[in-house]
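This is entry02.cif. It holds mmCIF, C-alpha atoms.
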```
data_target
loop_
_atom_site.label_atom_id
_atom_site.label_comp_id
_atom_site.auth_asym_id
_atom_site.auth_seq_id
_atom_site.Cartn_x
_atom_site.Cartn_y
_atom_site.Cartn_z
CA MET A 961 115.52 93.26 100.89
CA SER A 962 113.70 95.94 102.80
CA ARG A 963 110.19 95.95 101.36
CA THR A 964 107.32 93.54 101.73
CA LEU A 965 104.59 92.82 99.24
CA LEU A 966 101.42 91.21 100.53
CA LEU A 967 99.60 89.67 97.58
CA LEU A 968 96.02 88.86 98.50
CA ARG A 969 93.42 87.30 96.29
CA HIS A 970 89.94 88.63 97.06
CA GLY A 971 87.62 86.56 99.24
CA LYS A 972 85.04 84.13 97.87
CA SER A 973 82.41 86.01 95.88
CA ASP A 974 78.67 85.47 95.82
CA TRP A 975 77.57 84.28 92.39
CA SER A 976 73.94 83.94 93.51
CA THR A 977 73.33 87.70 93.44
CA GLY A 978 73.13 87.85 89.66
CA ALA A 979 75.48 90.86 89.68
CA ASP A 980 77.95 91.23 86.84
CA ASP A 981 81.56 90.22 87.48
CA PHE A 982 82.73 93.68 88.52
CA ASP A 983 79.88 94.23 91.00
CA ARG A 984 79.78 90.76 92.55
CA PRO A 985 80.05 91.02 96.39
CA LEU A 986 81.68 88.69 98.90
CA LYS A 987 79.86 85.65 100.25
CA LYS A 988 79.71 85.20 104.04
CA ARG A 989 82.56 82.71 103.65
CA GLY A 990 84.57 85.38 101.82
CA VAL A 991 84.03 87.87 104.64
CA LYS A 992 85.04 85.28 107.25
CA SER A 993 88.19 84.35 105.30
CA ALA A 994 89.20 87.99 104.87
CA LEU A 995 88.77 88.51 108.62
CA LYS A 996 91.02 85.52 109.32
CA ILE A 997 93.72 86.93 107.04
CA GLY A 998 93.36 90.43 108.50
CA ASN A 999 93.68 89.10 112.04
CA TRP A 1000 96.68 86.98 111.01
CA LEU A 1001 98.39 90.05 109.54
CA ASN A 1002 97.66 92.02 112.69
CA ASP A 1003 98.79 89.20 115.04
CA ASN A 1004 102.04 88.81 113.07
CA LYS A 1005 102.70 92.57 112.99
CA LEU A 1006 102.47 92.66 109.20
CA ALA A 1007 99.81 95.33 108.83
CA PRO A 1008 100.39 97.17 105.55
CA ASP A 1009 101.35 100.83 105.41
CA TYR A 1010 99.80 101.08 101.95
CA ILE A 1011 96.80 99.26 100.46
CA ILE A 1012 96.00 99.16 96.76
CA THR A 1013 93.11 97.17 95.35
CA SER A 1014 91.16 96.32 92.29
CA PRO A 1015 88.03 98.48 92.21
CA ALA A 1016 85.86 95.35 91.77
CA LYS A 1017 83.38 95.11 94.65
CA ARG A 1018 84.68 91.79 96.05
CA ALA A 1019 88.28 93.01 96.02
CA PHE A 1020 87.47 96.36 97.63
CA GLN A 1021 85.36 94.63 100.31
CA THR A 1022 88.31 92.32 101.04
CA ALA A 1023 90.69 95.29 101.28
CA ARG A 1024 88.25 97.10 103.56
CA ILE A 1025 88.03 94.14 105.95
CA ILE A 1026 91.83 93.95 106.13
CA SER A 1027 92.04 97.70 106.75
CA LYS A 1028 89.58 97.43 109.65
CA CYS A 1029 91.67 94.67 111.23
CA ALA A 1030 94.76 96.88 110.88
CA ASP A 1031 92.93 100.04 112.00
CA ILE A 1032 93.56 101.75 108.65
CA LYS A 1033 91.01 104.30 107.46
CA LYS A 1034 88.89 103.44 104.41
CA LYS A 1035 90.09 106.56 102.58
CA ALA A 1036 93.67 105.23 102.79
CA ILE A 1037 92.80 102.41 100.38
CA ASP A 1038 93.70 103.21 96.78
CA LYS A 1039 91.64 101.67 94.01
CA ASP A 1040 93.50 101.08 90.75
CA GLU A 1041 91.61 99.99 87.64
CA HIS A 1042 94.82 98.42 86.29
CA ILE A 1043 94.43 95.62 88.88
CA TYR A 1044 90.99 94.41 87.77
CA LEU A 1045 91.54 91.12 85.88
CA ALA A 1046 95.12 92.26 85.24
CA SER A 1047 97.95 90.50 83.48
CA PRO A 1048 101.26 90.12 85.33
CA GLU A 1049 102.64 92.96 83.19
CA ALA A 1050 99.83 95.28 84.31
CA LEU A 1051 100.46 94.33 87.93
CA LEU A 1052 104.18 95.03 87.52
CA TYR A 1053 103.21 98.47 86.20
CA VAL A 1054 101.11 99.03 89.35
CA LEU A 1055 104.01 97.96 91.60
CA GLU A 1056 106.51 100.14 89.76
CA ASN A 1057 104.28 103.15 90.34
CA LEU A 1058 103.83 102.66 94.09
CA PRO A 1059 104.97 105.48 96.35
CA GLN A 1060 108.64 104.87 97.12
CA GLN A 1061 108.01 105.54 100.83
CA ALA A 1062 105.67 102.51 100.99
CA LYS A 1063 107.52 99.71 102.76
CA ARG A 1064 104.77 97.10 103.27
CA VAL A 1065 102.17 97.07 100.53
CA LEU A 1066 98.98 95.02 100.37
CA LEU A 1067 97.81 94.43 96.79
CA VAL A 1068 94.32 92.91 96.55
CA GLY A 1069 93.42 91.46 93.18
CA HIS A 1070 92.38 88.54 91.03
CA ASN A 1071 93.64 85.33 89.49
CA PRO A 1072 95.21 84.31 87.23
CA GLY A 1073 97.22 87.55 87.24
CA LEU A 1074 98.19 87.43 90.92
CA GLU A 1075 99.49 83.86 90.68
CA GLN A 1076 101.39 84.70 87.50
CA LEU A 1077 102.92 87.78 89.13
CA LEU A 1078 104.01 85.77 92.16
CA TYR A 1079 105.50 83.08 89.93
CA PHE A 1080 107.46 85.76 88.03
CA LEU A 1081 108.71 87.57 91.14
CA VAL A 1082 110.07 84.38 92.72
CA ASN A 1083 111.25 82.88 89.40
CA GLY A 1084 109.01 79.87 89.91
CA GLN A 1085 110.56 79.06 93.29
CA LEU A 1086 107.39 77.88 94.99
CA GLU A 1087 105.63 74.61 95.61
CA ILE A 1088 102.47 74.04 93.67
CA PRO A 1089 99.84 72.55 96.01
CA ALA A 1090 98.12 69.27 95.12
CA ASP A 1091 94.99 71.18 94.06
CA GLY A 1092 97.09 73.30 91.68
CA LYS A 1093 95.91 76.55 93.27
CA ILE A 1094 98.70 78.73 94.58
CA LEU A 1095 96.30 81.51 95.59
CA PRO A 1096 92.78 80.23 96.20
CA THR A 1097 90.28 82.85 97.36
CA ALA A 1098 91.54 84.98 100.28
CA ALA A 1099 95.00 83.39 100.16
CA LEU A 1100 97.91 85.63 101.10
CA ALA A 1101 101.48 85.53 99.80
CA VAL A 1102 104.08 87.40 101.86
CA VAL A 1103 106.95 88.35 99.57
CA GLU A 1104 110.29 89.98 100.43
CA MET A 1105 110.97 92.59 97.78
CA PRO A 1106 114.00 94.54 96.56
CA ASP A 1107 114.76 97.99 97.95
CA LYS A 1108 112.90 99.76 95.13
CA TRP A 1109 109.57 99.07 93.49
CA MET A 1110 110.99 100.11 90.12
CA LYS A 1111 112.21 97.70 87.41
CA LEU A 1112 111.29 94.46 89.12
CA LYS A 1113 112.92 91.46 87.49
CA ASN A 1114 112.13 87.79 87.25
CA GLY A 1115 113.35 86.21 90.50
CA SER A 1116 113.94 89.55 92.26
CA ALA A 1117 111.82 88.56 95.29
CA LYS A 1118 111.46 85.77 97.83
CA LEU A 1119 108.27 84.12 99.06
CA THR A 1120 108.38 83.90 102.85
CA GLU A 1121 104.80 82.82 103.71
CA LEU A 1122 101.80 81.46 101.89
CA ILE A 1123 98.70 81.62 104.08
CA ARG A 1124 95.35 80.11 103.23
CA PRO A 1125 92.37 80.98 105.44
CA ARG A 1126 91.30 77.35 105.80
CA GLU A 1127 94.66 76.64 107.48
CA LEU A 1128 94.05 79.26 110.18
CA LEU A 1129 92.16 78.54 113.36
CA ASP A 1130 88.82 80.22 113.94
CA ASN A 1131 88.90 82.92 116.60
CA ASP A 1132 85.20 82.58 117.38
#
```

Can I see the file as structure tokens?
Amino acid sequence: MSRTLLLLRHGKSDWSTGADDFDRPLKKRGVKSALKIGNWLNDNKLAPDYIITSPAKRAFQTARIISKCADIKKKAIDKDEHIYLASPEALLYVLENLPQQAKRVLLVGHNPGLEQLLYFLVNGQLEIPADGKILPTAALAVVEMPDKWMKLKNGSAKLTELIRPRELLDND
């Protein structure tokens, strides 16, 4: 397997703003968690060469924070409306239409679709945490992928890391 998929659930959003779901921004905690994940990616030399995100405000803000940590320009982030509240099938469509030259892709999106996609890609080969949440807010799954993004099958990938921001040390 020569490609890596970085599945990232957006950071914690701020419900107190009164904004509708699509326009809800990150909370301070969500920003801090996204920074932790971005720094972890950078420290582990896993910066993406391609970023694709839901256009929802909280997801785009999360992608933008990661891109800053990896020194990737904002205009290099692709927004795809298919990712917003997507089913696993819609997310597979997004993956199958990635540029073939992309080797390490960060996909920023939402649950339950991201968890369902991960479960499909690894054919259920993952431990379910005690809290039942595979991808809580700002959690990152690092997945080894097949050589091509096209025609992904159940069990065609391997989960190599599952990182939750609360498990990472603060760099303050």

At a cut-off of 12 Å, using all atoms listed in the file, what residues contact Lys1033 of chain A? Leave out same-chain residues fewer than 3 positions from it and give the result as number ranges by chain. A: 1008-1011, 1023-1030, 1036-1038

What residues come out when you apply the PyMOL selection byres ((chain A and resi 1107-1119) around 9) to this file, written as number ranges by chain? A: 961-963, 1052-1053, 1055-1060, 1063, 1078-1086, 1101-1106, 1120-1122

Could you check which of A:Ile1123, A:Leu1006, A:Leu967, A:Ala1046 is closest to Gly1073 of chain A, using all atoms listed in the file?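 Ranked by minimum distance to Gly1073 of chain A, first place goes to A:Ala1046.
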
What would the selection look like, as a PyMOL selection string, if the PyMOL selection byres ((chain A and resi 975) around 9) were run on the coordinates I just shared? chain A and resi 973-974+976-981+984-987

Can you list, as number ranges by chain, the residues that the PyMOL selection byres ((chain A and resi 1040) around 9) selects here? A: 1012-1015, 1038-1039, 1041-1044, 1054

Given only C-alpha atoms as the basis, pick out the residue of A:Ala1090, A:Pro1048, A:Phe982, A:Ala1099 nearest to Leu1074 of chain A. A:Pro1048

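Counting all atoms listed in the file, the residue from A:Val1065, A:Leu1128, A:Leu968, A:Ala1016 that sits nearest to Ala1098 of chain A is A:Leu968.
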
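Residue nearest Thr1097 of chain A within the list A:Ser993, A:Gln1021, A:Thr964, A:Asn1004: A:Ser993 [criterion: smallest interatomic distance, only C-alpha atoms].
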
Non-local contacts of Ala994 of chain A (8 Å; all atoms listed in the file; under 3 positions in same chain excluded) as a ChimeraX atom specification: /A:970-971,990-991,997-998,1022,1025-1026,1098,1125

Atom CA of Pro1089 of chain A and atom CA of Ala1050 of chain A, how far apart in Å?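 Distance reported for this atom pair: 25.6 Å.
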
The distance between atom CA of Lys972 of chain A and atom CA of Arg1018 of chain A is 7.9 Å

Could you tell me how far atom CA of Ala1019 of chain A lies from atom CA of Gly1069 of chain A, in Å and to one decimal? 6.1 Å

Produce the centre coordinates and the three edge lengths, each in Å to one decimal, of the box along x, y and z that contains all listed atoms of segment 991-1005 of chain A with 4 Å added on each side, as lines of an AutoDock Vina configuration file.
```
center_x = 93.4
center_y = 88.5
center_z = 109.8
size_x = 26.7
size_y = 16.2
size_z = 18.4
```

Atoms are missing here; could segment 1061-1076 of chain A be completed with N, CA and C atoms and written as a tab-separated table (two decimals), keeping the file's coordinate frame?
```tsv
chain	number	residue	atom	x	y	z
A	1061	GLN	N	107.96	105.60	99.36
A	1061	GLN	CA	108.01	105.54	100.83
A	1061	GLN	C	107.24	104.33	101.38
A	1062	ALA	N	106.44	103.68	100.55
A	1062	ALA	CA	105.67	102.51	100.99
A	1062	ALA	C	106.62	101.33	101.20
A	1063	LYS	N	106.61	100.81	102.41
A	1063	LYS	CA	107.52	99.71	102.76
A	1063	LYS	C	106.82	98.35	102.80
A	1064	ARG	N	105.55	98.35	103.21
A	1064	ARG	CA	104.77	97.10	103.27
A	1064	ARG	C	103.45	97.35	102.58
A	1065	VAL	N	103.32	96.79	101.39
A	1065	VAL	CA	102.17	97.07	100.53
A	1065	VAL	C	101.27	95.83	100.43
A	1066	LEU	N	99.98	96.05	100.61
A	1066	LEU	CA	98.98	95.02	100.37
A	1066	LEU	C	98.35	95.31	99.01
A	1067	LEU	N	98.44	94.33	98.10
A	1067	LEU	CA	97.81	94.43	96.79
A	1067	LEU	C	96.71	93.37	96.75
A	1068	VAL	N	95.47	93.82	96.60
A	1068	VAL	CA	94.32	92.91	96.55
A	1068	VAL	C	93.83	92.83	95.10
A	1069	GLY	N	93.81	91.61	94.58
A	1069	GLY	CA	93.42	91.46	93.18
A	1069	GLY	C	92.83	90.10	92.86
A	1070	HIS	N	93.07	89.68	91.62
A	1070	HIS	CA	92.38	88.54	91.03
A	1070	HIS	C	93.37	87.56	90.39
A	1071	ASN	N	92.91	86.33	90.28
A	1071	ASN	CA	93.64	85.33	89.49
A	1071	ASN	C	93.14	85.38	88.06
A	1072	PRO	N	93.92	84.96	87.08
A	1072	PRO	CA	95.21	84.31	87.23
A	1072	PRO	C	96.39	85.28	87.37
A	1073	GLY	N	96.14	86.57	87.23
A	1073	GLY	CA	97.22	87.55	87.24
A	1073	GLY	C	98.07	87.55	88.50
A	1074	LEU	N	97.42	87.43	89.67
A	1074	LEU	CA	98.19	87.43	90.92
A	1074	LEU	C	99.13	86.24	91.00
A	1075	GLU	N	98.63	85.05	90.65
A	1075	GLU	CA	99.49	83.86	90.68
A	1075	GLU	C	100.64	84.00	89.69
A	1076	GLN	N	100.35	84.52	88.52
A	1076	GLN	CA	101.39	84.70	87.50
A	1076	GLN	C	102.43	85.71	87.95
```
